[in-house]
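Right, one structure below, let's go through it.
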Amino acid sequence: MLRRSVRSQPLFASGVGNRPGLLAAGGLYTVLLLMAALVGLPFFWMIVSSLKPLNQVFNFEQWLPSPPLWENYGNALQKAPFGRYLFNSTFTSVAILFGQYLTIIPAAYAFARLTFPGRNTIFLIILATIMVPIQVTFIPAFVVISAFDWKDTYWALIIPFITSAFGIFLLRQSFLQVPQDYLDAARLDGVRPHRRDAPCDGRRSMCRR
């Protein structure tokens with residue numbers, strides 16, 4: 001009886017006799033549209049400004065380019081090696097992401113599931129580094145990069161960001177959400193934490209002990 005009496009109601013019930021609900025919904029959508037326009041305005045200004053001549057870029061009374069200069073994009077590509085810029089950004093981003101996979105995931109798993117002396121102390125030290133402003137690390141990072149002679153190389157863009165204290169914390173919390181019973185059951189089936197074993201089909205030769 002209790003379940004039958006409970007019915008899901010919309011956030012703003014609409015109907016002819018429910019004018020306050022219609023007004024509330026209309027006010028909400030109006031605010032959302034204004035906020036969306038406010039967020040999209042910089043992108044709109046960026047696109048229309050890219051099609052303007054130089055003397056119209058800072059003319060705030062003229063929003064639309066007259067006439068639109070599509071050749072601005074071709075001129076920009078000729079004056080700067082944007083292809084090289086795109087490759088540098090893509091390569092360093094992928095390398096940093098791959099490096100963080102290799103460092104963050106094992107560290108987070110160790111802090112979440114393994115037991116070793118000083119685990120909590122080391123984890124607290126790693127968390128404390130999150131409170132250090134990144135500007136403080138610029139000079140020490142430059143000294144290390146200079147000592148290894150990595151200036152003007154990709155190593156200088158990749159190695160300082162090869163790991164992340166926040167990433168370790170985030171994945172550790174995610175690992176802790178997995179019940180320990182699942183891991184215990186996997187160990188009973190012969191699965192090892194450092195490798196991927198084939199499933200046991202019941203035959204002694206196929207089961208890993």
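Simple scheme: letters A, B, ... for chains in structure tokens order, numbers from 1 for residues in each chain, numbers from 1 for ligands in the order shown.
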Rows by chain and residue number, range 98-140 of chain A within 12 Å of range 79-93 of chain A, shortest pair, only C-alpha atoms, as a Markdown table:
| residue | atom | partner | partner_atom | distance |
| --- | --- | --- | --- | --- |
| A:Phe98 | CA | A:Ser93 | CA | 8.6 |
| A:Gly99 | CA | A:Ser93 | CA | 9.8 |
| A:Gln100 | CA | A:Ser93 | CA | 10.5 |
Residues from last step as file, N, CA and C atoms, as a compact mmCIF listing (two decimals), in the first residue's frame:
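For reference, part.txt as written:
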# COMPACT_ATOMS: atom_id res chain seq x y z
N PHE A 98 50.72 8.49 -20.52
CA PHE A 98 51.25 7.14 -20.43
C PHE A 98 52.15 6.99 -19.21
N GLY A 99 52.98 8.01 -18.96
CA GLY A 99 53.85 7.95 -17.79
C GLY A 99 53.07 7.96 -16.49
N GLN A 100 52.00 8.71 -16.43
CA GLN A 100 51.19 8.73 -15.21
C GLN A 100 50.47 7.40 -15.01
Neighbouring residues of Leu69 in chain A were defined as those with any atom within 10 Å, considering only C-alpha atoms; residues of the same chain fewer than 6 positions away were excluded. Please report them as an MDAnalysis selection string.
chainID A and resid 48:53
Using the chain letters and numbers from this document, which residues of range 34-175 of chain A does DSSP assign to helix (DSSP H, G or I), as a PyMOL selection string?
chain A and resi 34-50+54-56+71-79+82-113+119-131+134-147+155-161+165-175
Would you output that residue set with C-alpha atoms, as a tab-separated table (two decimals), in the first residue's frame?
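Just written: selection-v2.tsv:
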chain	number	residue	atom	x	y	z
A	34	LEU	CA	21.06	33.65	-20.01
A	35	MET	CA	23.86	31.69	-18.36
A	36	ALA	CA	24.43	29.66	-21.55
A	37	ALA	CA	24.62	32.89	-23.57
A	38	LEU	CA	27.08	34.33	-21.06
A	39	VAL	CA	29.30	31.26	-21.30
A	40	GLY	CA	29.12	31.13	-25.09
A	41	LEU	CA	29.77	34.85	-25.63
A	42	PRO	CA	33.61	34.61	-25.42
A	43	PHE	CA	33.64	31.80	-27.98
A	44	PHE	CA	31.40	33.79	-30.31
A	45	TRP	CA	33.64	36.85	-29.94
A	46	MET	CA	36.73	34.74	-30.61
A	47	ILE	CA	35.30	33.35	-33.86
A	48	VAL	CA	34.01	36.65	-35.24
A	49	SER	CA	37.23	38.45	-34.25
A	50	SER	CA	39.27	35.91	-36.20
A	54	LEU	CA	42.99	44.31	-37.68
A	55	ASN	CA	41.31	47.71	-37.42
A	56	GLN	CA	37.96	46.11	-36.47
A	71	GLU	CA	42.11	34.29	-45.56
A	72	ASN	CA	43.12	35.22	-42.00
A	73	TYR	CA	43.40	31.52	-41.19
A	74	GLY	CA	45.68	30.87	-44.15
A	75	ASN	CA	47.88	33.83	-43.24
A	76	ALA	CA	48.15	32.61	-39.63
A	77	LEU	CA	49.22	29.13	-40.76
A	78	GLN	CA	51.93	30.65	-42.94
A	79	LYS	CA	53.35	32.94	-40.26
A	82	PHE	CA	51.10	25.53	-36.01
A	83	GLY	CA	51.55	21.95	-37.23
A	84	ARG	CA	54.68	21.68	-35.10
A	85	TYR	CA	52.89	23.27	-32.17
A	86	LEU	CA	50.08	20.71	-32.48
A	87	PHE	CA	52.54	17.82	-32.66
A	88	ASN	CA	54.47	19.06	-29.60
A	89	SER	CA	51.29	19.41	-27.55
A	90	THR	CA	49.91	16.03	-28.63
A	91	PHE	CA	53.18	14.17	-28.11
A	92	THR	CA	53.89	15.60	-24.66
A	93	SER	CA	50.29	15.08	-23.53
A	94	VAL	CA	50.26	11.43	-24.62
A	95	ALA	CA	53.69	10.81	-23.09
A	96	ILE	CA	52.66	12.39	-19.78
A	97	LEU	CA	49.42	10.41	-19.74
A	98	PHE	CA	51.25	7.14	-20.43
A	99	GLY	CA	53.85	7.95	-17.79
A	100	GLN	CA	51.19	8.73	-15.21
A	101	TYR	CA	49.51	5.42	-15.94
A	102	LEU	CA	52.79	3.67	-15.16
A	103	THR	CA	53.34	5.56	-11.90
A	104	ILE	CA	49.92	6.47	-10.51
A	105	ILE	CA	48.12	3.14	-10.84
A	106	PRO	CA	50.76	0.98	-9.05
A	107	ALA	CA	51.23	3.59	-6.32
A	108	ALA	CA	47.49	3.94	-5.73
A	109	TYR	CA	47.05	0.17	-5.60
A	110	ALA	CA	49.93	-0.17	-3.14
A	111	PHE	CA	48.50	2.47	-0.81
A	112	ALA	CA	45.02	0.95	-1.05
A	113	ARG	CA	45.64	-2.78	-0.83
A	119	ARG	CA	52.48	3.29	4.27
A	120	ASN	CA	50.27	5.89	5.92
A	121	THR	CA	53.19	8.25	6.57
A	122	ILE	CA	54.33	8.13	2.95
A	123	PHE	CA	50.77	8.65	1.77
A	124	LEU	CA	50.37	11.71	4.01
A	125	ILE	CA	53.62	13.16	2.64
A	126	ILE	CA	52.32	12.68	-0.90
A	127	LEU	CA	49.05	14.39	0.03
A	128	ALA	CA	50.99	17.27	1.58
A	129	THR	CA	52.62	17.99	-1.79
A	130	ILE	CA	49.20	18.92	-3.17
A	131	MET	CA	49.25	22.01	-0.94
A	134	ILE	CA	53.28	24.84	-8.47
A	135	GLN	CA	55.15	28.15	-8.75
A	136	VAL	CA	57.41	27.02	-5.89
A	137	THR	CA	58.59	24.05	-7.96
A	138	PHE	CA	59.67	26.03	-11.04
A	139	ILE	CA	63.20	26.89	-9.89
A	140	PRO	CA	64.02	23.41	-8.46
A	141	ALA	CA	62.66	21.82	-11.63
A	142	PHE	CA	64.80	24.13	-13.76
A	143	VAL	CA	67.89	23.26	-11.71
A	144	VAL	CA	67.25	19.53	-12.16
A	145	ILE	CA	66.55	19.91	-15.88
A	146	SER	CA	69.75	21.91	-16.32
A	147	ALA	CA	71.77	19.34	-14.38
A	155	TRP	CA	62.21	15.42	-21.47
A	156	ALA	CA	61.93	18.84	-19.83
A	157	LEU	CA	58.21	18.94	-20.72
A	158	ILE	CA	57.43	15.35	-19.72
A	159	ILE	CA	59.48	14.28	-16.69
A	160	PRO	CA	58.27	17.01	-14.23
A	161	PHE	CA	54.68	15.89	-14.81
A	165	ALA	CA	49.80	13.31	-6.14
A	166	PHE	CA	46.13	14.09	-6.75
A	167	GLY	CA	45.91	11.23	-9.25
A	168	ILE	CA	47.35	8.82	-6.69
A	169	PHE	CA	44.84	10.00	-4.09
A	170	LEU	CA	41.91	9.77	-6.52
A	171	LEU	CA	42.73	6.26	-7.72
A	172	ARG	CA	43.45	5.09	-4.17
A	173	GLN	CA	39.96	6.15	-3.15
A	174	SER	CA	38.58	4.34	-6.19
A	175	PHE	CA	40.44	1.14	-5.33
